[in-house]
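Novice: Got a structure for you, questions after.
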Amino acid sequence: MAKYYDIDDIITDEEIVAVIFQKSASGVGIDPSSETDCVEVGSKVELPFWLAHELQQRQAVSLNIPTSFNQNTRLEIQADSACVDLRSRCPFFYEFGCKIAPLVGARNIGPLLLSAFKSRYKEVLTKAHTAAFTAASKNLTILTKEETNLYEAAQSSMAAFKKWRMGGPRFQKASILGRKRKSTE
């Protein structure tokens with residue numbers, strides 16, 4: 001399931017998902033405060049995604065749509081996507097959404113991810129190219145991991161462009177060498 005060396009993928013698989021048991025399971029000890037080590041049919045339990053996915057494949061549980069993809073989130077993104085704090089809901093919002101959507105059978109998660117990414121992508125790039133450092137650090141607190149990577153890549157490319165535009169070290173060396181040659185002739 002997880003890409004073996006991709007730490008972000010491993011962390012994404014640790015996201016908590018609510019499940020409902022379709023079969024009873026004995027000897028699992030999910031709740032340490034429980035007197036028995038048995039989970040009854042219909043019990044609602046929160047599990048890491050990797051375990052919930054495995055149990056769902058064995059038809060032992062059914063997954064619920066996570067709250068980070070519910071109707072409230074959808075409405076907030078439609079209203080003003082740039083101000084929605086997706087990081088607090090799910091740091092790997094897009095990656096996790098892609099993993100959970102086919103498992104819960106929610107056809108509206110894909111369009112939600114696409115519309116959120118499109119609208120927030122423009123904001124991320126605009127802020128990366130124009131924001132001052134203090135405004136930028138405030139903006140980074142609401143970005144998901146993927147958006148933070150985009151932001152940093154945009155800032156890096158902008159800095160490289162500015163350096164290139166100002167002449168950069170390669171032009172300065174060439175112009176110094178050109179002046180020396182002219183003065184020796």
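Identifiers in this document derive from the order of the structure tokens: chains are assigned A, B, ..., residues are numbered from 1 separately in each chain, and ligands are numbered from 1 in order of occurrence.
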Find the residues near Pro102 (chain A): any atom within 12 Å, counting only C-alpha atoms, skip ones fewer than 4 places away on the same chain, and give them as a PyMOL selection string.
Specialist: chain A and resi 53+56+63-65+96-98+106-110
Novice: Export, as a short mmCIF file (atom, residue, chain, number, x, y, z; two decimals), in the first residue's frame, the selected residues with N, CA and C atoms.
Specialist:
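The result, stored in part_13.cif:
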data_model
loop_
_atom_site.label_atom_id
_atom_site.label_comp_id
_atom_site.auth_asym_id
_atom_site.auth_seq_id
_atom_site.Cartn_x
_atom_site.Cartn_y
_atom_site.Cartn_z
N HIS A 53 -8.11 -0.05 5.78
CA HIS A 53 -8.11 -0.51 4.38
C HIS A 53 -7.98 -2.03 4.31
N GLN A 56 -11.21 -3.57 5.46
CA GLN A 56 -12.27 -3.36 4.47
C GLN A 56 -12.12 -4.34 3.31
N LEU A 63 -15.97 1.67 5.72
CA LEU A 63 -15.36 2.95 6.05
C LEU A 63 -16.37 4.07 5.93
N ASN A 64 -16.27 5.04 6.82
CA ASN A 64 -17.07 6.26 6.74
C ASN A 64 -16.24 7.33 6.05
N ILE A 65 -16.92 8.28 5.43
CA ILE A 65 -16.23 9.40 4.82
C ILE A 65 -15.62 10.24 5.94
N PHE A 96 -4.45 11.87 0.71
CA PHE A 96 -5.37 11.03 1.46
C PHE A 96 -6.73 10.96 0.75
N GLY A 97 -7.16 12.08 0.19
CA GLY A 97 -8.42 12.10 -0.55
C GLY A 97 -8.40 11.13 -1.73
N CYS A 98 -7.26 11.08 -2.41
CA CYS A 98 -7.13 10.15 -3.55
C CYS A 98 -7.16 8.70 -3.10
N ALA A 106 -17.38 7.49 -2.52
CA ALA A 106 -17.87 8.87 -2.62
C ALA A 106 -17.35 9.48 -3.92
N ARG A 107 -18.26 9.69 -4.84
CA ARG A 107 -17.87 10.26 -6.13
C ARG A 107 -17.64 11.75 -6.07
N ASN A 108 -18.03 12.37 -4.97
CA ASN A 108 -17.88 13.83 -4.86
C ASN A 108 -16.53 14.23 -4.27
N ILE A 109 -15.72 13.30 -3.79
CA ILE A 109 -14.40 13.64 -3.24
C ILE A 109 -13.45 14.06 -4.36
N GLY A 110 -13.46 13.36 -5.47
CA GLY A 110 -12.59 13.71 -6.60
C GLY A 110 -12.80 15.13 -7.09
#
Novice: Excluding Arg120 (chain A) and residues on its chain fewer than 2 positions from it, collect all residues at most 12 Å away from it, counting only C-alpha atoms, and give them as a short mmCIF file (atom, residue, chain, number, x, y, z; two decimals) with all heavy atoms, in the first residue's frame.
Specialist:
data_model
loop_
_atom_site.label_atom_id
_atom_site.label_comp_id
_atom_site.auth_asym_id
_atom_site.auth_seq_id
_atom_site.Cartn_x
_atom_site.Cartn_y
_atom_site.Cartn_z
N ILE A 77 -14.82 25.46 1.10
CA ILE A 77 -13.93 25.57 -0.06
C ILE A 77 -14.62 26.32 -1.20
O ILE A 77 -13.99 27.13 -1.88
CB ILE A 77 -13.44 24.17 -0.51
CG1 ILE A 77 -12.44 23.64 0.53
CG2 ILE A 77 -12.81 24.20 -1.90
CD1 ILE A 77 -12.01 22.22 0.31
N GLN A 78 -15.90 26.07 -1.39
CA GLN A 78 -16.64 26.79 -2.44
C GLN A 78 -16.74 28.27 -2.11
O GLN A 78 -16.68 29.11 -3.00
CB GLN A 78 -18.04 26.20 -2.61
CG GLN A 78 -18.03 24.85 -3.28
CD GLN A 78 -19.41 24.20 -3.28
OE1 GLN A 78 -20.34 24.68 -2.64
NE2 GLN A 78 -19.52 23.09 -3.99
N ASP A 80 -14.66 30.31 0.00
CA ASP A 80 -13.36 30.98 -0.11
C ASP A 80 -12.27 29.97 0.18
O ASP A 80 -11.84 29.81 1.33
CB ASP A 80 -13.28 32.16 0.87
CG ASP A 80 -12.05 33.01 0.64
OD1 ASP A 80 -11.31 32.75 -0.34
OD2 ASP A 80 -11.81 33.93 1.44
N SER A 81 -11.82 29.32 -0.84
CA SER A 81 -10.86 28.22 -0.66
C SER A 81 -9.53 28.66 -0.08
O SER A 81 -8.87 27.91 0.62
CB SER A 81 -10.63 27.51 -1.99
OG SER A 81 -10.04 28.40 -2.92
N ALA A 82 -9.12 29.89 -0.35
CA ALA A 82 -7.81 30.37 0.11
C ALA A 82 -7.74 30.49 1.63
O ALA A 82 -6.65 30.42 2.20
CB ALA A 82 -7.48 31.70 -0.53
N CYS A 83 -8.86 30.65 2.29
CA CYS A 83 -8.87 30.85 3.75
C CYS A 83 -9.13 29.57 4.53
O CYS A 83 -9.07 29.59 5.77
CB CYS A 83 -9.92 31.89 4.12
SG CYS A 83 -9.52 33.51 3.46
N VAL A 84 -9.41 28.48 3.87
CA VAL A 84 -9.72 27.24 4.57
C VAL A 84 -8.42 26.60 5.06
O VAL A 84 -7.48 26.42 4.28
CB VAL A 84 -10.48 26.26 3.65
CG1 VAL A 84 -10.77 24.95 4.36
CG2 VAL A 84 -11.76 26.89 3.14
N ASP A 85 -8.38 26.26 6.33
CA ASP A 85 -7.20 25.62 6.92
C ASP A 85 -7.28 24.11 6.69
O ASP A 85 -7.77 23.37 7.53
CB ASP A 85 -7.12 25.95 8.41
CG ASP A 85 -5.87 25.42 9.06
OD1 ASP A 85 -5.04 24.80 8.37
OD2 ASP A 85 -5.72 25.62 10.27
N LEU A 86 -6.79 23.68 5.54
CA LEU A 86 -6.84 22.26 5.22
C LEU A 86 -5.81 21.47 6.03
O LEU A 86 -6.02 20.29 6.30
CB LEU A 86 -6.61 22.04 3.73
CG LEU A 86 -7.72 22.52 2.81
CD1 LEU A 86 -7.36 22.26 1.35
CD2 LEU A 86 -9.04 21.87 3.15
N TYR A 94 -4.85 16.15 -0.17
CA TYR A 94 -5.01 15.66 -1.55
C TYR A 94 -4.62 14.19 -1.68
O TYR A 94 -5.34 13.41 -2.30
CB TYR A 94 -4.18 16.51 -2.51
CG TYR A 94 -4.56 17.97 -2.47
CD1 TYR A 94 -3.74 18.91 -1.86
CD2 TYR A 94 -5.77 18.41 -3.00
CE1 TYR A 94 -4.10 20.24 -1.79
CE2 TYR A 94 -6.14 19.74 -2.94
CZ TYR A 94 -5.29 20.66 -2.33
OH TYR A 94 -5.66 21.97 -2.26
N LEU A 112 -14.13 17.56 -5.44
CA LEU A 112 -13.76 18.44 -4.34
C LEU A 112 -12.24 18.68 -4.34
O LEU A 112 -11.79 19.82 -4.24
CB LEU A 112 -14.19 17.85 -3.00
CG LEU A 112 -13.64 18.54 -1.75
CD1 LEU A 112 -14.23 19.93 -1.61
CD2 LEU A 112 -13.90 17.70 -0.52
N LEU A 113 -11.47 17.61 -4.48
CA LEU A 113 -10.02 17.73 -4.51
C LEU A 113 -9.56 18.59 -5.69
O LEU A 113 -8.70 19.45 -5.55
CB LEU A 113 -9.36 16.35 -4.60
CG LEU A 113 -9.57 15.41 -3.42
CD1 LEU A 113 -9.00 14.03 -3.73
CD2 LEU A 113 -8.94 15.97 -2.17
N LEU A 114 -10.16 18.37 -6.83
CA LEU A 114 -9.78 19.11 -8.03
C LEU A 114 -10.12 20.59 -7.91
O LEU A 114 -9.27 21.44 -8.19
CB LEU A 114 -10.48 18.51 -9.27
CG LEU A 114 -10.11 19.13 -10.60
CD1 LEU A 114 -8.62 18.98 -10.89
CD2 LEU A 114 -10.92 18.49 -11.71
N SER A 115 -11.31 20.90 -7.46
CA SER A 115 -11.69 22.32 -7.35
C SER A 115 -10.87 23.02 -6.27
O SER A 115 -10.45 24.16 -6.44
CB SER A 115 -13.18 22.46 -7.07
OG SER A 115 -13.51 22.00 -5.79
N ALA A 116 -10.61 22.32 -5.15
CA ALA A 116 -9.79 22.92 -4.08
C ALA A 116 -8.38 23.18 -4.59
O ALA A 116 -7.82 24.26 -4.37
CB ALA A 116 -9.75 22.00 -2.86
N PHE A 117 -7.81 22.22 -5.29
CA PHE A 117 -6.44 22.38 -5.77
C PHE A 117 -6.34 23.50 -6.80
O PHE A 117 -5.43 24.32 -6.73
CB PHE A 117 -5.92 21.07 -6.36
CG PHE A 117 -4.46 21.14 -6.71
CD1 PHE A 117 -3.50 21.05 -5.71
CD2 PHE A 117 -4.04 21.30 -8.01
CE1 PHE A 117 -2.15 21.13 -6.01
CE2 PHE A 117 -2.70 21.38 -8.32
CZ PHE A 117 -1.75 21.29 -7.32
N LYS A 118 -7.29 23.54 -7.73
CA LYS A 118 -7.25 24.59 -8.76
C LYS A 118 -7.33 25.98 -8.15
O LYS A 118 -6.56 26.86 -8.49
CB LYS A 118 -8.42 24.41 -9.74
CG LYS A 118 -8.21 23.37 -10.78
CD LYS A 118 -9.43 23.35 -11.68
CE LYS A 118 -9.30 22.43 -12.84
NZ LYS A 118 -10.50 22.42 -13.67
N LYS A 122 -3.61 28.81 -7.54
CA LYS A 122 -3.38 30.20 -7.97
C LYS A 122 -2.97 31.06 -6.79
O LYS A 122 -2.05 31.88 -6.89
CB LYS A 122 -4.65 30.77 -8.61
CG LYS A 122 -5.01 30.13 -9.92
CD LYS A 122 -6.32 30.68 -10.44
CE LYS A 122 -6.81 29.90 -11.63
NZ LYS A 122 -8.12 30.35 -12.08
N GLU A 123 -3.64 30.90 -5.66
CA GLU A 123 -3.33 31.67 -4.46
C GLU A 123 -1.93 31.37 -3.95
O GLU A 123 -1.19 32.27 -3.56
CB GLU A 123 -4.35 31.39 -3.35
CG GLU A 123 -5.71 31.96 -3.61
CD GLU A 123 -5.75 33.47 -3.52
OE1 GLU A 123 -5.04 34.05 -2.67
OE2 GLU A 123 -6.48 34.07 -4.32
N VAL A 124 -1.57 30.09 -3.94
CA VAL A 124 -0.25 29.69 -3.45
C VAL A 124 0.84 30.33 -4.29
O VAL A 124 1.80 30.91 -3.76
CB VAL A 124 -0.11 28.15 -3.45
CG1 VAL A 124 1.33 27.72 -3.26
CG2 VAL A 124 -1.00 27.53 -2.38
N LEU A 125 0.72 30.27 -5.61
CA LEU A 125 1.74 30.84 -6.48
C LEU A 125 1.78 32.36 -6.37
O LEU A 125 2.86 32.95 -6.35
CB LEU A 125 1.51 30.42 -7.93
CG LEU A 125 1.73 28.94 -8.22
CD1 LEU A 125 1.53 28.65 -9.69
CD2 LEU A 125 3.10 28.48 -7.77
N THR A 126 0.63 32.99 -6.30
CA THR A 126 0.59 34.45 -6.16
C THR A 126 1.28 34.89 -4.88
O THR A 126 2.09 35.81 -4.89
CB THR A 126 -0.87 34.94 -6.18
OG1 THR A 126 -1.47 34.54 -7.41
CG2 THR A 126 -0.94 36.45 -6.04
N LYS A 127 0.98 34.22 -3.78
CA LYS A 127 1.59 34.58 -2.50
C LYS A 127 3.07 34.26 -2.47
O LYS A 127 3.85 34.98 -1.86
CB LYS A 127 0.85 33.90 -1.36
CG LYS A 127 -0.52 34.50 -1.12
CD LYS A 127 -1.27 33.85 -0.01
CE LYS A 127 -2.63 34.52 0.13
NZ LYS A 127 -3.48 33.87 1.09
N ASN A 139 0.80 32.47 6.08
CA ASN A 139 0.10 31.75 5.03
C ASN A 139 0.45 30.26 5.04
O ASN A 139 -0.39 29.42 4.76
CB ASN A 139 0.46 32.37 3.67
CG ASN A 139 -0.22 31.68 2.51
OD1 ASN A 139 -1.42 31.46 2.53
ND2 ASN A 139 0.55 31.31 1.53
N ILE A 142 -1.70 27.27 6.97
CA ILE A 142 -2.96 26.67 6.53
C ILE A 142 -2.78 25.79 5.29
O ILE A 142 -3.73 25.17 4.83
CB ILE A 142 -4.04 27.73 6.25
CG1 ILE A 142 -3.68 28.63 5.07
CG2 ILE A 142 -4.34 28.53 7.49
CD1 ILE A 142 -4.82 29.48 4.57
N LEU A 143 -1.56 25.71 4.77
CA LEU A 143 -1.32 24.93 3.56
C LEU A 143 -1.09 23.46 3.88
O LEU A 143 -0.47 23.12 4.89
CB LEU A 143 -0.12 25.48 2.80
CG LEU A 143 -0.21 26.91 2.30
CD1 LEU A 143 1.08 27.28 1.57
CD2 LEU A 143 -1.41 27.11 1.41
N THR A 144 -1.53 22.59 2.98
CA THR A 144 -1.26 21.16 3.13
C THR A 144 0.19 20.91 2.76
O THR A 144 0.90 21.80 2.29
CB THR A 144 -2.16 20.33 2.20
OG1 THR A 144 -1.83 20.63 0.84
CG2 THR A 144 -3.63 20.59 2.46
N GLU A 146 1.44 19.17 0.29
CA GLU A 146 1.63 19.35 -1.16
C GLU A 146 1.67 20.83 -1.53
O GLU A 146 2.50 21.26 -2.33
CB GLU A 146 0.49 18.65 -1.92
CG GLU A 146 0.64 18.67 -3.42
CD GLU A 146 1.82 17.85 -3.91
OE1 GLU A 146 2.19 16.86 -3.26
OE2 GLU A 146 2.38 18.22 -4.95
N GLU A 147 0.80 21.63 -0.93
CA GLU A 147 0.77 23.06 -1.22
C GLU A 147 2.03 23.75 -0.69
O GLU A 147 2.56 24.66 -1.33
CB GLU A 147 -0.47 23.69 -0.60
CG GLU A 147 -1.76 23.25 -1.28
CD GLU A 147 -3.01 23.64 -0.52
OE1 GLU A 147 -2.93 23.94 0.69
OE2 GLU A 147 -4.08 23.62 -1.14
N THR A 148 2.54 23.31 0.45
CA THR A 148 3.78 23.86 0.99
C THR A 148 4.94 23.57 0.05
O THR A 148 5.78 24.44 -0.20
CB THR A 148 4.07 23.28 2.39
OG1 THR A 148 2.95 23.56 3.24
CG2 THR A 148 5.32 23.87 2.99
N LEU A 150 4.69 23.16 -3.19
CA LEU A 150 4.50 24.05 -4.34
C LEU A 150 4.95 25.47 -4.02
O LEU A 150 5.59 26.13 -4.84
CB LEU A 150 3.02 24.08 -4.75
CG LEU A 150 2.49 22.88 -5.48
CD1 LEU A 150 0.98 22.97 -5.63
CD2 LEU A 150 3.14 22.76 -6.85
N TYR A 151 4.61 25.94 -2.83
CA TYR A 151 4.97 27.28 -2.40
C TYR A 151 6.50 27.44 -2.38
O TYR A 151 7.04 28.41 -2.90
CB TYR A 151 4.39 27.56 -1.01
CG TYR A 151 4.67 28.93 -0.47
CD1 TYR A 151 3.85 30.00 -0.78
CD2 TYR A 151 5.78 29.16 0.34
CE1 TYR A 151 4.11 31.27 -0.28
CE2 TYR A 151 6.04 30.42 0.84
CZ TYR A 151 5.21 31.47 0.53
OH TYR A 151 5.48 32.72 1.00
#
Novice: Using backbone DSSP assignments, extract all helix (DSSP H, G or I) residues from region 29-178 of chain A; output them as a PyMOL selection string.
Specialist: chain A and resi 49-57+67-69+71-83+86-89+93-104+109-130+133-140+145-165+168-178
Novice: May I have the selected residues written with C-alpha atoms, as a compact mmCIF listing (two decimals), in the first residue's frame?
Specialist:
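Here's the written file out22.txt:
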# COMPACT_ATOMS: atom_id res chain seq x y z
CA PHE A 49 -6.10 4.12 7.40
CA TRP A 50 -3.71 1.28 6.63
CA LEU A 51 -5.54 -1.05 9.06
CA ALA A 52 -9.00 0.13 8.03
CA HIS A 53 -8.11 -0.51 4.38
CA GLU A 54 -6.92 -4.05 5.12
CA LEU A 55 -10.04 -4.83 7.16
CA GLN A 56 -12.27 -3.36 4.47
CA GLN A 57 -10.65 -5.59 1.83
CA THR A 67 -14.77 14.67 8.30
CA SER A 68 -12.09 16.44 6.27
CA PHE A 69 -14.16 15.64 3.14
CA GLN A 71 -20.27 18.77 3.35
CA ASN A 72 -19.01 21.56 5.65
CA THR A 73 -15.53 21.40 4.15
CA ARG A 74 -17.02 21.36 0.68
CA LEU A 75 -19.08 24.49 1.38
CA GLU A 76 -16.13 26.32 2.94
CA ILE A 77 -13.93 25.57 -0.06
CA GLN A 78 -16.64 26.79 -2.44
CA ALA A 79 -17.04 30.01 -0.44
CA ASP A 80 -13.36 30.98 -0.11
CA SER A 81 -10.86 28.22 -0.66
CA ALA A 82 -7.81 30.37 0.11
CA CYS A 83 -8.87 30.85 3.75
CA LEU A 86 -6.84 22.26 5.22
CA ARG A 87 -3.67 21.40 7.15
CA SER A 88 -5.53 21.15 10.46
CA ARG A 89 -8.14 18.90 8.88
CA PHE A 93 -5.48 16.40 2.17
CA TYR A 94 -5.01 15.66 -1.55
CA GLU A 95 -3.04 12.43 -1.18
CA PHE A 96 -5.37 11.03 1.46
CA GLY A 97 -8.42 12.10 -0.55
CA CYS A 98 -7.13 10.15 -3.55
CA LYS A 99 -6.64 7.07 -1.39
CA ILE A 100 -9.95 7.20 0.49
CA ALA A 101 -12.31 8.17 -2.36
CA PRO A 102 -12.48 4.77 -4.10
CA LEU A 103 -12.82 2.94 -0.79
CA VAL A 104 -15.80 4.87 0.56
CA ILE A 109 -14.40 13.64 -3.24
CA GLY A 110 -12.59 13.71 -6.60
CA PRO A 111 -14.28 16.91 -7.81
CA LEU A 112 -13.76 18.44 -4.34
CA LEU A 113 -10.02 17.73 -4.51
CA LEU A 114 -9.78 19.11 -8.03
CA SER A 115 -11.69 22.32 -7.35
CA ALA A 116 -9.79 22.92 -4.08
CA PHE A 117 -6.44 22.38 -5.77
CA LYS A 118 -7.25 24.59 -8.76
CA SER A 119 -8.46 27.51 -6.71
CA ARG A 120 -5.77 27.24 -4.02
CA TYR A 121 -2.97 26.69 -6.58
CA LYS A 122 -3.38 30.20 -7.97
CA GLU A 123 -3.33 31.67 -4.46
CA VAL A 124 -0.25 29.69 -3.45
CA LEU A 125 1.74 30.84 -6.48
CA THR A 126 0.59 34.45 -6.16
CA LYS A 127 1.59 34.58 -2.50
CA ALA A 128 4.89 32.84 -3.19
CA HIS A 129 5.82 35.48 -5.75
CA THR A 130 4.55 38.56 -3.91
CA PHE A 133 8.34 36.87 4.78
CA THR A 134 6.01 37.56 7.73
CA ALA A 135 2.90 37.26 5.58
CA ALA A 136 4.34 34.15 3.99
CA SER A 137 4.94 32.37 7.30
CA LYS A 138 1.35 33.10 8.35
CA ASN A 139 0.10 31.75 5.03
CA LEU A 140 2.12 28.51 5.36
CA LYS A 145 2.04 19.35 2.63
CA GLU A 146 1.63 19.35 -1.16
CA GLU A 147 0.77 23.06 -1.22
CA THR A 148 3.78 23.86 0.99
CA ASN A 149 6.01 22.02 -1.47
CA LEU A 150 4.50 24.05 -4.34
CA TYR A 151 4.97 27.28 -2.40
CA GLU A 152 8.63 26.54 -1.70
CA ALA A 153 9.26 25.51 -5.31
CA ALA A 154 7.65 28.74 -6.54
CA GLN A 155 9.75 30.86 -4.20
CA SER A 156 12.91 29.03 -5.23
CA SER A 157 12.17 29.46 -8.93
CA MET A 158 11.38 33.13 -8.41
CA ALA A 159 14.67 33.68 -6.56
CA ALA A 160 16.56 31.86 -9.33
CA PHE A 161 14.79 33.98 -11.96
CA LYS A 162 15.66 37.21 -10.14
CA LYS A 163 19.27 36.11 -9.84
CA TRP A 164 19.38 35.26 -13.54
CA ARG A 165 17.71 38.51 -14.50
CA GLY A 168 24.02 36.29 -11.96
CA PRO A 169 27.60 35.18 -11.39
CA ARG A 170 28.13 33.82 -14.92
CA PHE A 171 27.54 37.24 -16.53
CA GLN A 172 29.65 39.07 -13.97
CA LYS A 173 32.65 36.82 -14.63
CA ALA A 174 32.25 37.19 -18.38
CA SER A 175 32.04 40.97 -18.19
CA ILE A 176 35.14 41.17 -15.93
CA LEU A 177 37.10 38.94 -18.32
CA GLY A 178 35.94 41.07 -21.27
Novice: For CA of Leu47 (chain A) and CA of Val28 (chain A), determine how far apart the two atoms are, in Å to one decimal place.
Specialist: 12.4 Å
Novice: What does the structure give for the distance between CA of Ile7 (chain A) and CA of Phe92 (chain A), in Å to one decimal?
Specialist: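 That distance, rounded to one decimal, is 11.7 Å.
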Novice: Measure the distance from CA of Ser24 (chain A) to CA of Cys38 (chain A) in Å and round it to one decimal.
Specialist: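 Distance reported for this atom pair: 7.2 Å.
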Novice: Using only C-alpha atoms, find the one residue out of A:Cys90, A:Ala60, A:Val45, A:Thr36 that sits nearest to Asp13 (chain A).
Specialist: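 The answer is A:Cys90, which sits nearest to Asp13 (chain A).
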Novice: I need the residues in region 42-86 of chain A that are strand (DSSP E) according to DSSP; give them as a PyMOL selection string.
Specialist: chain A and resi 44-48+61-63
